[in-house]
Amino acid sequence: MKNKIILDRNLQFVIKYNTVFIFLIMLVVSAIVSDVFFTSNNLFNLVRQVTPVGIISMGMLLVILTGGIDLSVGSIVAMVGVLCALFTQSMPLPLVIMASLACGLLVGSTSGYLVSVHKLAPFIATLALMSIVRGLGFIFSKGAPILVADKASSLTDFGSGNSFGIPNPALILFLVFAITAVLLKYNIFGRIIIAIGSNEEAVRLSGIRVSAYKFSVYAIAGGLSAVAGVITTARTAVGSPIMGIGMELDVIAAVVIGGASLSGGKGSAINTLLGVLILGMIGNIMNLINIPAYSQQVIKGLIIIFAVLLQRFQGNNN
Amino acid sequence: MSNRVELRNISKSFGGISALKNVTLKVMPGEIHALVGENGAGKSTLMKILSGACIKDTGRIFIDDVEVYIKNTYDSKKLGIGIIYQEFSLVPELSVAENVFLNQLGKAGIWMKWGNIRKEAEELIKKIGFSINPSSKAGDLSIAQQQIVEIVKALSEHVRVLILDEPSAVLGPQEIHKLFNTLERLKKEGVAIIYISHHLSEVFQIADRVTVLKDGISSESLPVSETDRNSIIRLMLGRSLDTMYPLRNSIIGEEVLRAVDIYLADKVKGVSFDLKSGEIVGIAGLVGSGRTETVRAIFAADKHKKGKIYMSGKEVQIRSPWEAVSIGIGMVPEDRKQHGVILSLSIKNNISLTDFKGIADHFGFIKAKKESNNANGLIDKLAIKTQNENQEVGDLSGGNQQKVSLAKWFNRDCKVIIIDEPTRGVDVGAKVEIYNLINELSHKGVAIMVISSETEELMGICDRILVMRNGQIKGELVKNEFSEEDILRMSIGAN
């Protein structure tokens with residue numbers, strides 16, 4: 001009996017920190033099945049791969065915390081990537097970056113406007129924008145990848161370079177993560193976002209402009225998607241309209257693996273980051289041990305189900 | 001003659017609060033039996049027990065002198081009990097005919113015989129004197145028409161007992177007339193009808209006998225021909241005021257809020273009132289009289305109101321709760337769990353929602369220490385029983401949850417505080433504490449508006465009471481004129 005209680009308590013602990021445990025298990029498993037996993041080359045590679053998803057996941061986390069969803073993020077990555085490459089042909093670099101980010105913000109604001117002012121279901125509003133923006137990416141690029149102009153070499157240098165021994169894109173991811181984490185934990189903004197996801201009407205009746213906050217999370221998600229788009233273009237020196245297809249699903253999966261509730265009000269930045277890394281590691285390790293791409297998709301799906309079931313236990317225990 | 005329905009010594013309590021105490025009710029076949037009582041007297045609970053929506057704690061139920069055990073709505077249907085609730089249970093996307101025969105759709109085999117269903121529904125509707133296209137969608141009908149469909153639905157099931165909960169509330173005079181004709185016909189067919197109503201005039205018009213419920217206790221059943229309006233009103237009232245209420249020492253000052261000709265859809269029809277500093281004004285009225293809708297319109301919780309609002313003599317535009325709060329109005333909503341507090345968040349986080357200015361810096365970063373101190377101050381002030389400020393509101397008792405909902409407005413300097421149902425579902429001890437808190441607020445010069453279904457409560461704490469009926473203010477009483485009887489008369493429109 002006593003053993004059982006202790007076992008229960010340990011189990012509770014595991015369930016509570018399930019994201020951390022899944023992360024640790026993934027690390028151990030990765031180290032066992034492949035001896036190249038823990039090489040700096042591979043780890044850098046892994047970090048570079050997860051960066052776009054990671055950056056967007058912070059915006060998606062905010063959206064999901066309010067009880068919404070944003071399906072347009074992958075399309076924004078592609079459109080902004082294309083535009084960024086196009087802009088380098090005629091604009092100075094600072095302007096290129098600002099204009100690119102503005103485009104992402106604009107798309108996000110459109111979703112936010114539709115959701116907060118016209119009360120469209122987030123799924124529908126962003127589904128429509130996902131299609132529109134993907135189409136625009138193809139129109140702007142005429143369907144072909146756009147090369148970054150030679151004079152913008154500092155952009156591509158930045159994208160493929162390191163600072164302090166860490167890939168630059170990863171530094172940006174870390175910065176975005178840190179800001180999100182601090183905002184969520186210590187700022188009014190985070191407090192209200194979480195409250196909205198818990199009970200929107202109670203927040204509204206407390207005299208808070210719920211629609212302004214809902215608008216802002218979509219704008220931020222759009223802006224961060226643009227950041228991811230610029231980084232991807234900087235890293236590959238190409239803006240392609242087929243970038244980021246299906247990326248929204250990876251981002252949502254990462255947030256969910258990180259323990260966020262799709263009905264809102266529950267989730268954290270650190271767990272989301274772990275979710276991103278878990279998802280990235282699954283892909284990375286399966287590549288290392290040569291699991292075919294089709295099987296990878298199946299395994300990824302199974303792991304998502306497993307992670308969410310674990311959270312269900314957590315919910316029941318509360 | 002034997003009884004069609006007999007409810008014997010029925011008791012029911014919800015979480016320690018008893019709603020029905022040894023209630024007995026006997027209804028004969030071919031009788032229309034009126035059930036009256038104030039809001040919360042237990043009428044609906046009693047009927048829910050009969051229809052299986054609610055399970056009794058103790059007591060016995062007999063149908064045609066045979067004891068029956070009703071555990072769910074299916075049981076009661078099999079016994080021939082039909083109920084028409086205040087809130088309708090039609091499927092809005094289905095046609096009238098489908099709704100009427102919803103419970104019987106499978107009976108004629110797996111294929112739908114659309115022609116027959118439509119024809120039968122049309123005949124049933126015609127039979128009771130109405131004409132509604134059986135193919136139209138239930139959701140497209142007017143409220144009155146939906147009510148008719150509900151009745152037809154019950155008739156199609158060949159009920160032996162028909163319960164109507166406030167059926168006339170949504171009907172016009174002509175429709176009520178037709179409804180009464182239908183009931184008379186059913187009565188002749190031997191159906192036992194239980195008619196719940198606030199409107200005593202209807203009781204005298206149609207019922208054979210009447211039973212009064214007061215605080216979950218049933219009166220004797222009186223033949224309508226041997227009683228009068230006043231005796232029934234006396235039975236509906238009851239115990240007198242006691243010392244539950246704090247001493248009012250009102251220092252009533254200048255006008256703070258004035259509302260002129262407020263309209264909201266068809267719920268609020270031209271309401272005007274004023275509210276002075278230090279004053280507590282109550283709104284009495286039956287459920288559905290437009291009380292809650294009026295204050296929600298003022299607070300802009302519901303949009304598209306018409307009318308003018310003045311704060312301290314200056315006209316103001318209130319288009320959202322945010323604007324209402326920023327000019328100094330606070331509202332404790334009627335539905336505590338859905339609107340008043342966020343159950344999954346801590347007491348601290350709930351309280352802070354109304355005012356971040358005092359606890360955060362210019363960039364919106366919250367000073368943890370300051371926030372905790374602020375929350376703890378209010379927890380002490382309102383005597384909220386909790387381990388600490390970080391406890392989830394969902395873990396607190398109803399009374400303490402209500403105090404958190406109040407604490408949110410103690411947290412900022414409001415000029416006007418509207419409190420909708422201050423003590424619903426709150427135990428007596430906490431009630432007294434809440435009355436004292438409201439009193440204390442008013443002594444500080446806050447203008448307070450209280451809505452309550454408990455007339456006694458309003459008489460205990462208010463300086464002035466407005467009585468609403470059908471979306472309008474039908475009467476106003478100042479403290480020395482308070483009489484439960486007058487308020488009840490005004491709210492049910494009896495003169």
# chains A, B, ... in the order shown; residues from 1 in each chain; ligands from 1
$ interface_residues --of "chain B" --to "chain A" --cutoff "9 Å" --atoms "only C-alpha atoms" --output "ChimeraX atom specification"
/B:299,301,320-326,330-333,337-345,349-350,353-356,360,363-368,408-409
$ write_last_selection --atoms "C-alpha atoms" --output "tab-separated table (two decimals), in the first residue's frame"
chain	number	residue	atom	x	y	z
B	299	PHE	CA	-22.62	48.25	-18.52
B	301	ALA	CA	-22.16	43.85	-21.63
B	320	SER	CA	-18.08	48.29	-24.03
B	321	PRO	CA	-17.49	47.05	-20.49
B	322	TRP	CA	-14.03	48.58	-20.83
B	323	GLU	CA	-15.55	52.03	-21.29
B	324	ALA	CA	-17.98	51.42	-18.45
B	325	VAL	CA	-15.18	50.44	-16.09
B	326	SER	CA	-12.96	53.30	-17.14
B	330	GLY	CA	-18.30	48.08	-11.92
B	331	MET	CA	-20.61	45.09	-12.29
B	332	VAL	CA	-20.82	41.84	-10.36
B	333	PRO	CA	-22.62	39.63	-12.87
B	337	LYS	CA	-19.09	30.86	-12.27
B	338	GLN	CA	-19.41	31.81	-15.93
B	339	HIS	CA	-18.98	35.56	-15.78
B	340	GLY	CA	-17.96	36.68	-12.32
B	341	VAL	CA	-14.74	34.83	-11.69
B	342	ILE	CA	-12.32	32.61	-13.56
B	343	LEU	CA	-12.46	29.33	-11.68
B	344	SER	CA	-9.15	27.98	-12.97
B	345	LEU	CA	-7.13	31.01	-11.87
B	349	ASN	CA	-5.07	36.69	-10.54
B	350	ASN	CA	-8.82	37.15	-10.48
B	353	LEU	CA	-7.97	41.67	-13.52
B	354	THR	CA	-9.86	44.85	-12.72
B	355	ASP	CA	-6.84	46.98	-11.93
B	356	PHE	CA	-3.28	46.44	-13.01
B	360	ALA	CA	2.54	47.01	-12.38
B	363	PHE	CA	5.94	48.50	-19.13
B	364	GLY	CA	3.28	46.28	-17.67
B	365	PHE	CA	5.59	44.17	-15.52
B	366	ILE	CA	3.78	42.98	-12.45
B	367	LYS	CA	5.40	43.56	-9.07
B	368	ALA	CA	4.78	40.23	-7.41
B	408	LYS	CA	-12.59	42.66	-7.96
B	409	TRP	CA	-14.56	45.90	-7.66
$ select_by_dssp --residues "region 170-259 of chain A" --states "helix (DSSP H, G or I)" --output "PyMOL selection string"
chain A and resi 170-186+188-198+200-205+210-236+247-257
$ residues_around --residues "His199 (chain B)" --least-positions-apart "4" --cutoff "10 Å" --atoms "only C-alpha atoms" --output "ChimeraX atom specification"
/B:36,166,168-169,203-204,489,491-494
$ write_last_selection --atoms "C-alpha atoms" --output "PDB file, in the first residue's frame"
ATOM      1  CA  VAL B  36     -47.633  29.339  -7.846  1.00  0.00           C
ATOM      2  CA  GLU B 166     -44.802  29.708 -17.358  1.00  0.00           C
ATOM      3  CA  SER B 168     -47.936  32.508 -21.118  1.00  0.00           C
ATOM      4  CA  ALA B 169     -44.730  34.469 -20.570  1.00  0.00           C
ATOM      5  CA  VAL B 203     -54.811  31.146 -12.321  1.00  0.00           C
ATOM      6  CA  PHE B 204     -58.290  32.461 -11.610  1.00  0.00           C
ATOM      7  CA  ARG B 489     -48.273  42.839  -6.938  1.00  0.00           C
ATOM      8  CA  SER B 491     -44.077  42.450 -10.453  1.00  0.00           C
ATOM      9  CA  ILE B 492     -46.933  40.163 -11.420  1.00  0.00           C
ATOM     10  CA  GLY B 493     -49.134  43.010 -12.608  1.00  0.00           C
ATOM     11  CA  ALA B 494     -51.915  42.460 -10.117  1.00  0.00           C
TER      12      ALA B 494
END
$ select_by_dssp --residues "region 288-369 of chain B" --states "strand (DSSP E or B)" --output "list in words"
Lys305, Lys306, Gly307, Lys308, Ile309, Tyr310, Met311, Lys314, Glu315, Val316, Ile329, Gly330, Met331, Val332, Ser346, Ala360, Phe365 and Ile366 of chain B
$ residues_around --residues "Met247 (chain A)" --least-positions-apart "6" --cutoff "8 Å" --atoms "only C-alpha atoms" --output "PyMOL selection string"
chain A and resi 53+73-74
$ closest_residue --among "A:Ser216, A:Gln296, A:Asn10, A:Thr180" --to "Met58 (chain A)" --atoms "only C-alpha atoms"
A:Thr180
$ residues_around --residues "Met26 (chain A)" --least-positions-apart "2" --cutoff "8 Å" --atoms "only C-alpha atoms" --output "CSV table (one decimal) with N, CA and C atoms, in the first residue's frame"
chain,number,residue,atom,x,y,z
A,22,ILE,N,9.6,13.5,-21.5
A,22,ILE,CA,9.7,13.0,-22.9
A,22,ILE,C,11.0,13.5,-23.5
A,23,PHE,N,11.3,14.8,-23.2
A,23,PHE,CA,12.5,15.4,-23.8
A,23,PHE,C,13.8,14.6,-23.4
A,24,LEU,N,13.8,14.3,-22.1
A,24,LEU,CA,15.0,13.5,-21.6
A,24,LEU,C,15.1,12.1,-22.2
A,28,VAL,N,18.1,10.5,-24.4
A,28,VAL,CA,18.8,9.2,-24.1
A,28,VAL,C,18.7,8.3,-25.2
A,29,VAL,N,17.5,8.1,-25.7
A,29,VAL,CA,17.2,7.2,-26.9
A,29,VAL,C,18.1,7.6,-28.1
A,30,SER,N,18.1,8.9,-28.3
A,30,SER,CA,18.9,9.4,-29.4
A,30,SER,C,20.4,9.1,-29.3
A,278,ILE,N,11.6,18.4,-29.0
A,278,ILE,CA,11.2,17.0,-29.1
A,278,ILE,C,10.9,16.6,-30.5
A,281,MET,N,13.9,16.6,-32.6
A,281,MET,CA,14.8,15.4,-32.4
A,281,MET,C,14.2,14.1,-33.0
A,282,ILE,N,12.9,14.0,-33.0
A,282,ILE,CA,12.2,12.9,-33.6
A,282,ILE,C,12.7,12.8,-35.1
$ residues_around --residues "Thr73 (chain B)" --least-positions-apart "4" --cutoff "9 Å" --atoms "only C-alpha atoms" --output "PyMOL selection string"
chain B and resi 50-54+77-78
$ closest_residue --among "B:Ala121, B:Ile132, B:Ala41, B:Ile217" --to "Ser11 (chain B)" --atoms "only C-alpha atoms"
B:Ile217
$ residues_around --residues "Leu466 (chain B)" --least-positions-apart "4" --cutoff "9 Å" --atoms "only C-alpha atoms" --output "MDAnalysis selection string"
chainID B and resid 273 281:285 473:478 487
